[in-house]
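Q: For reference, the structure I am asking about is given below.
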Amino acid sequence: MYQEERLLKILEYLKQHQSMSVAEICTEFEISKDTARRDIVRLVQEGVVIRTHGGVSLPQLKKEILSYQDRLIDEAEPKRNIGMLGAQLIQDHETIILDVSTTVQFVAEQIKAQHLTVITHSIDNVGILSDREDMQIYLLGGYLNVKNRSLFGPSILDKLSQIRADKAFIGAVAIGSDGIYYSYEEDARVKQEIARRSDQVIVVVDHTKFTSKSFYRLDFDHVDILITNQPVPNPLKEILSQNNITVITYQEDEHGIDYND
């Protein structure tokens, strides 16, 4: 079982029992104490649990990891606008990779280009595009993560290593001064392999990601274009420019689109 799946199951256990010891984590998932402690560290860093003597418990004011459906609703209109701009970059007959991301899902919904090959490990992207007879859709196989509505596991990386794409659209949990960040190591590794296998990498994020923080980094040198819905803070804008990343901003109060090269 991958760490991401264990963390979700630990949270489910805590909802029912309020606390869980290291010994219970080891027994429940058949893992070592060191692995259990690493899981605890991750959950504490996420702010969803508090450390107790010998284990973890839910804080009095619970802050849970948002589900995929919750994130889809959050900032839905800005994400739809970002998705529209992303979809406009896709040309007929291209091969594209669509990441698991609520903002990338809005890209999928608004694709006008025809005769595409689409590669994804998102079951929602497949559902959105399944009625497009002019598309070839390749679903990367693996274990199902019900909460994130995605497939995961080593087979994802194996399949990606055999693929070459014209463009890739990826999301992010946070954007810092030194790169793009994700909550889970496995997710960051998939993003990195997607970037390696694509001629052009397009990051689609709403403005809230500029003030968020997370743990696993993807270097800026993997990124070609960033699409967002509000002006990028000046210090970060300068860093993106130094890394030759084109920033495209959707701004309704002007002429709709602002290109910052």
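In the structure tokens, each chain is lettered A, B, ... as it comes, each chain's residues begin at 1, and ligands are numbered from 1 in order of appearance.
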Residues near Tyr182 (chain A), anyone? I mean within 10 Å using only C-alpha atoms, not counting same-chain ones fewer than 6 positions away, as a PyMOL selection string.
A: chain A and resi 171-175+188-189+191+213-218
Q: Which parts of region 18-242 of chain A does DSSP call strand (DSSP E) when run on the backbone here, written out as a ChimeraX atom specification?
A: /A:19-21,50-52,55-57,95-98,117-120,136-139,143-145,150-152,165-170,174-176,179-182,198-204,216-218,225-228
Q: Compile the contact shell of Arg197 (chain A) as an NGL selection string: residues with an atom at most 9 Å away, counting only C-alpha atoms, same-chain residues fewer than 3 positions apart removed.
A: :A and (160-166 or 168 or 192-194)
Q: Skip region 78-85 of chain A itself and residues of its chain fewer than 3 positions away, then list as a PyMOL selection string all residues within 8 Å of it, counting only C-alpha atoms.
A: chain A and resi 75+88-89+102-111+204-206+227-229+250
Q: Any chance you can output those residues with N, CA and C atoms as a PDB file, in the first residue's frame?
A:
ATOM      1  N   GLU A  75     -13.111  27.751  -6.001  1.00  0.00           N
ATOM      2  CA  GLU A  75     -12.575  28.601  -7.061  1.00  0.00           C
ATOM      3  C   GLU A  75     -12.953  28.066  -8.449  1.00  0.00           C
ATOM      4  N   GLN A  88      -7.035  26.415 -25.361  1.00  0.00           N
ATOM      5  CA  GLN A  88      -6.744  27.148 -26.600  1.00  0.00           C
ATOM      6  C   GLN A  88      -5.329  26.903 -27.118  1.00  0.00           C
ATOM      7  N   LEU A  89      -4.445  26.409 -26.270  1.00  0.00           N
ATOM      8  CA  LEU A  89      -3.069  26.144 -26.690  1.00  0.00           C
ATOM      9  C   LEU A  89      -2.912  24.803 -27.402  1.00  0.00           C
ATOM     10  N   THR A 102      -8.000  19.358 -10.549  1.00  0.00           N
ATOM     11  CA  THR A 102      -9.307  19.941 -10.825  1.00  0.00           C
ATOM     12  C   THR A 102      -9.211  21.018 -11.907  1.00  0.00           C
ATOM     13  N   THR A 103      -8.111  21.782 -11.935  1.00  0.00           N
ATOM     14  CA  THR A 103      -7.964  22.811 -12.965  1.00  0.00           C
ATOM     15  C   THR A 103      -7.695  22.173 -14.320  1.00  0.00           C
ATOM     16  N   VAL A 104      -6.910  21.111 -14.351  1.00  0.00           N
ATOM     17  CA  VAL A 104      -6.688  20.391 -15.604  1.00  0.00           C
ATOM     18  C   VAL A 104      -7.999  19.805 -16.120  1.00  0.00           C
ATOM     19  N   GLN A 105      -8.875  19.403 -15.220  1.00  0.00           N
ATOM     20  CA  GLN A 105     -10.179  18.880 -15.653  1.00  0.00           C
ATOM     21  C   GLN A 105     -10.952  19.933 -16.437  1.00  0.00           C
ATOM     22  N   PHE A 106     -10.826  21.200 -16.040  1.00  0.00           N
ATOM     23  CA  PHE A 106     -11.484  22.265 -16.792  1.00  0.00           C
ATOM     24  C   PHE A 106     -10.840  22.457 -18.160  1.00  0.00           C
ATOM     25  N   VAL A 107      -9.548  22.157 -18.285  1.00  0.00           N
ATOM     26  CA  VAL A 107      -8.917  22.150 -19.607  1.00  0.00           C
ATOM     27  C   VAL A 107      -9.590  21.090 -20.473  1.00  0.00           C
ATOM     28  N   ALA A 108      -9.722  19.873 -19.938  1.00  0.00           N
ATOM     29  CA  ALA A 108     -10.318  18.764 -20.681  1.00  0.00           C
ATOM     30  C   ALA A 108     -11.726  19.113 -21.163  1.00  0.00           C
ATOM     31  N   GLU A 109     -12.499  19.786 -20.321  1.00  0.00           N
ATOM     32  CA  GLU A 109     -13.886  20.106 -20.665  1.00  0.00           C
ATOM     33  C   GLU A 109     -13.995  21.063 -21.851  1.00  0.00           C
ATOM     34  N   GLN A 110     -12.929  21.849 -22.115  1.00  0.00           N
ATOM     35  CA  GLN A 110     -13.031  22.924 -23.097  1.00  0.00           C
ATOM     36  C   GLN A 110     -12.123  22.732 -24.316  1.00  0.00           C
ATOM     37  N   ILE A 111     -11.653  21.532 -24.532  1.00  0.00           N
ATOM     38  CA  ILE A 111     -10.793  21.257 -25.688  1.00  0.00           C
ATOM     39  C   ILE A 111     -11.606  21.325 -26.979  1.00  0.00           C
ATOM     40  N   VAL A 204      -1.250  24.819 -14.816  1.00  0.00           N
ATOM     41  CA  VAL A 204      -2.499  25.587 -14.683  1.00  0.00           C
ATOM     42  C   VAL A 204      -2.870  25.659 -13.204  1.00  0.00           C
ATOM     43  N   VAL A 205      -2.896  26.871 -12.649  1.00  0.00           N
ATOM     44  CA  VAL A 205      -3.145  27.055 -11.214  1.00  0.00           C
ATOM     45  C   VAL A 205      -3.924  28.340 -10.965  1.00  0.00           C
ATOM     46  N   ASP A 206      -4.808  28.318  -9.971  1.00  0.00           N
ATOM     47  CA  ASP A 206      -5.465  29.555  -9.573  1.00  0.00           C
ATOM     48  C   ASP A 206      -4.576  30.305  -8.584  1.00  0.00           C
ATOM     49  N   ILE A 227      -0.299  29.248 -16.438  1.00  0.00           N
ATOM     50  CA  ILE A 227      -1.559  29.956 -16.661  1.00  0.00           C
ATOM     51  C   ILE A 227      -2.262  30.120 -15.326  1.00  0.00           C
ATOM     52  N   THR A 228      -2.691  31.351 -15.045  1.00  0.00           N
ATOM     53  CA  THR A 228      -3.354  31.629 -13.779  1.00  0.00           C
ATOM     54  C   THR A 228      -4.422  32.686 -13.987  1.00  0.00           C
ATOM     55  N   ASN A 229      -5.083  33.110 -12.898  1.00  0.00           N
ATOM     56  CA  ASN A 229      -6.219  34.013 -13.019  1.00  0.00           C
ATOM     57  C   ASN A 229      -5.996  35.383 -12.383  1.00  0.00           C
ATOM     58  N   TYR A 250      -5.482  35.365 -16.921  1.00  0.00           N
ATOM     59  CA  TYR A 250      -6.842  35.716 -17.311  1.00  0.00           C
ATOM     60  C   TYR A 250      -7.308  36.848 -16.409  1.00  0.00           C
TER      61      TYR A 250
END
Q: Excluding Gly142 (chain A) and its own-chain neighbours fewer than 2 positions away, which residues fall within 9 Å of it when counting only C-alpha atoms? Please give them as a list in words.
A: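 Listed by chain and then number, they are His121, Leu140, Leu144, Ser150, Leu151, Phe152, Gly153, Pro154, Ser155 and Ile156 of chain A.
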